[in-house]
Amino acid sequence: MREVILSTNSLIKKYKDISAVDQVNLKIHQGDIYGLVGKNGAGKTTLLRVITGQAFATEGQINLFGASSGEALNQKRKRIGSIIEIPSFYSYMTGKQNLEYYRIQRGIPDKRCVEDVLTEVGLSESGNKKYKDYSLGMKQRLGLALALMNRPELLLLDEPINGLDPFGIVEIRNLLLKLNREKKITILISSHILSELSNLVTSYGFIEKGKLVKQITSEELAKESNRYIELKVDNVEAMTALLEVKLNCKAYKVTPDRTLHIFDYLEQPTKISELAVKSGA
Amino acid sequence: MLSYLKSEFYRLRYNEGGYLFIAVCSLLLLSSNIVLFAVKASEPTFPYATTYFAFSSFYSSIMIVFFLCISVATSVFGNEHSNHTMKNSISYGINRNTIYLGKLIVEVVYAMIAFVIITAVDIGSAYLLLENSGIENLMMLFKSCFVVMPLLLCAIAVTNFFLFLLESNGAAIGAVVGVLLALPLVSNFLGMKFRVFTELSKFMPYNMITKINYDYDKLEMILPWSGISGYYYYWIIGIIEIIIISAIGVFLFQKKEVK
């Protein structure tokens, strides 16, 4: 069983009488890439701001790497890297100087880490450019560089793909996958576009009006959202063997009542029915 | 705290506004001494081209320095709210006390460095260009600076307080001017009717500076609390006010959400 490294317990964040985050019970396991999906204003950023200590919970608890309150929780935040809302830096300093500023502030002894993260996010040639001259995509990359600088165990990324061109989106997506697979970094990534996360995340949390309405794995989501052909046959085992051998179809599921859900051949259902009839299954 | 301070000094190295402030103030004082020198050169009977005049102009205008402290603190604070940069430190778990007091320390250190450089330029250029009126004049300048120093630091502490608590630098500066200037003036007026305000206004930095008088013939400072204890009172009151305002600031910043 993988360890839960971040969880919230009935977390509520109210602004006056409005609940921006409402009774959220979030669970993120080590190694997850967790996609937090919701419309603009659903409460994604507020939830991340509370987790990172920028805002305070009205009620409920956060448990981060086993710490849930006070200075202990604050200290555990040193194991996080985050981009919340837009990346923010000093405009009169270069990208490299900005990262150096935070390297010193965070007490990271390895001076090379600035160059390393700039290379990692594809900004090695723009490090000496002033931040105010960066494009939105470059700012996002610099934000990601800062989030990675302390070699975090958990990355919290609030819409990090905003402002990136399609090529940049693919690059960042691949980088996140690499970080997750090779460095075992757990990632919580928010987006208001589900498809942006589809090739990346392992679990989803859907947030709506501050409530976490559903948590689901990517496989479960794929199955739930797929269209399929429903087939009832007497000999399910024979039919599934035929599907695999004759039609090379492996995208099917047998339900507990022994009905077949076939996710392929949606545009050619006759091929399925012909196979069923000919085989006498 | 040490890492935070180091990072802030690193940032200050790239803040052109910091250099510009020192350069402009130094040039203004230098140019005033050059003007005195030039006038003396063209009119030998001109009586003001002396270190006595240059230094007394400086210490009798110390109120300007008091208000310049607002600009110094604002410049060092670095538009944290509009840049949204403070969230990077908070998200990393840097203690809010460290951030608040770290900023205050850096503002104070920068202000001291700026003050020393600017004063040194004034003193150096005065000795180079003007007639030397005697070491007592320089000592008088040092004494004046020493007496008002805690009040200047108090102005920085008040500015830091509002910069942390208000989102807009403009609003913060407005509030600082209100506390440092409007409040003592209003208190003085109210003091005419209610004695408690007369007593309160005595401890307000603006009033404490305006209450300093100079006997220019004897080259002596006349403080509201006479004798050597007057110096101590200025320091004690200044330090107490800095501690109170900073303690309230730290407390309130613990509860402030950062964007």
# chains A, B, ... in the order shown; residues from 1 in each chain; ligands from 1
>>> residues_around(residues="Cys113 in chain A", least_positions_apart="6", cutoff="12 Å", atoms="only C-alpha atoms", output="MDAnalysis selection string")
chainID A and resid 96 99:100 102:104 107 119:120 124 145:151
>>> interface_residues(of="chain A", to="chain B", cutoff="7 Å", atoms="only C-alpha atoms", output="ChimeraX atom specification")
/A:52-55,74-75,77-78,80,88-90,93,101-102,104-107
>>> atom_distance(atom1="CA of Tyr92 in chain A", atom2="CA of Pro152 in chain A")
27.2 Å
>>> residues_around(residues="Leu156 in chain A", least_positions_apart="6", cutoff="10 Å", atoms="only C-alpha atoms", output="JSON, numbers by chain")
{"A": [34, 48, 49, 51, 52, 80, 81, 82, 83, 84, 144, 147, 186, 187, 188, 189, 190]}
>>> residues_around(residues="Phe251 in chain B", least_positions_apart="6", cutoff="12 Å", atoms="only C-alpha atoms", output="number ranges by chain")
B: 96-97, 100-101, 161, 164-165, 244-245
>>> write_last_selection(atoms="N, CA and C atoms", output="short mmCIF file (atom, residue, chain, number, x, y, z; two decimals), in the first residue's frame")
data_model
loop_
_atom_site.label_atom_id
_atom_site.label_comp_id
_atom_site.auth_asym_id
_atom_site.auth_seq_id
_atom_site.Cartn_x
_atom_site.Cartn_y
_atom_site.Cartn_z
N ARG B 96 6.92 33.25 8.90
CA ARG B 96 6.46 34.62 8.67
C ARG B 96 7.22 35.63 9.54
N ASN B 97 7.60 35.23 10.75
CA ASN B 97 8.39 36.14 11.61
C ASN B 97 9.71 36.47 10.92
N TYR B 100 9.07 38.98 8.12
CA TYR B 100 8.76 40.34 8.60
C TYR B 100 10.01 41.00 9.20
N LEU B 101 10.65 40.29 10.12
CA LEU B 101 11.80 40.90 10.79
C LEU B 101 13.02 40.98 9.86
N PHE B 161 5.67 48.13 8.76
CA PHE B 161 4.39 47.65 9.31
C PHE B 161 3.27 47.77 8.26
N PHE B 164 3.67 45.66 4.99
CA PHE B 164 3.31 44.26 5.15
C PHE B 164 1.80 44.06 5.19
N LEU B 165 1.12 45.02 5.82
CA LEU B 165 -0.30 44.77 6.07
C LEU B 165 -1.23 45.28 4.97
N ILE B 244 7.23 47.98 19.90
CA ILE B 244 5.76 47.85 19.94
C ILE B 244 5.21 47.69 18.52
N ILE B 245 5.62 48.56 17.62
CA ILE B 245 5.06 48.52 16.25
C ILE B 245 5.46 47.22 15.55
#
>>> residues_around(residues="Ser198 in chain A", least_positions_apart="3", cutoff="9 Å", atoms="only C-alpha atoms", output="ChimeraX atom specification")
/A:35,194-195,201-202,218
>>> atom_distance(atom1="CA of Ile5 in chain A", atom2="CA of Asn180 in chain A")
14.5 Å
>>> residues_around(residues="range 118-135 of chain B", least_positions_apart="3", cutoff="7 Å", atoms="only C-alpha atoms", output="list of chain:residue names")
B:Ile22, B:Cys25, B:Ser26, B:Leu29, B:Leu30, B:Asn33, B:Phe37, B:Ala49, B:Thr50, B:Thr51, B:Tyr52, B:Ala54, B:Ala114, B:Phe115, B:Leu138, B:Met139
>>> residues_around(residues="Lys184 in chain A", least_positions_apart="4", cutoff="12 Å", atoms="only C-alpha atoms", output="list of chain:residue names")
A:His29, A:Gln30, A:Gly31, A:Asp32, A:Ile33, A:Arg151, A:Pro152, A:Glu153, A:Leu154, A:Leu155, A:Leu176, A:Leu177, A:Lys178, A:Leu179, A:Asn180
>>> closest_residue(among="A:Ala42, A:Ile18, A:Ile28, A:Ile169", to="Lys211 in chain A", atoms="only C-alpha atoms")
A:Ala42
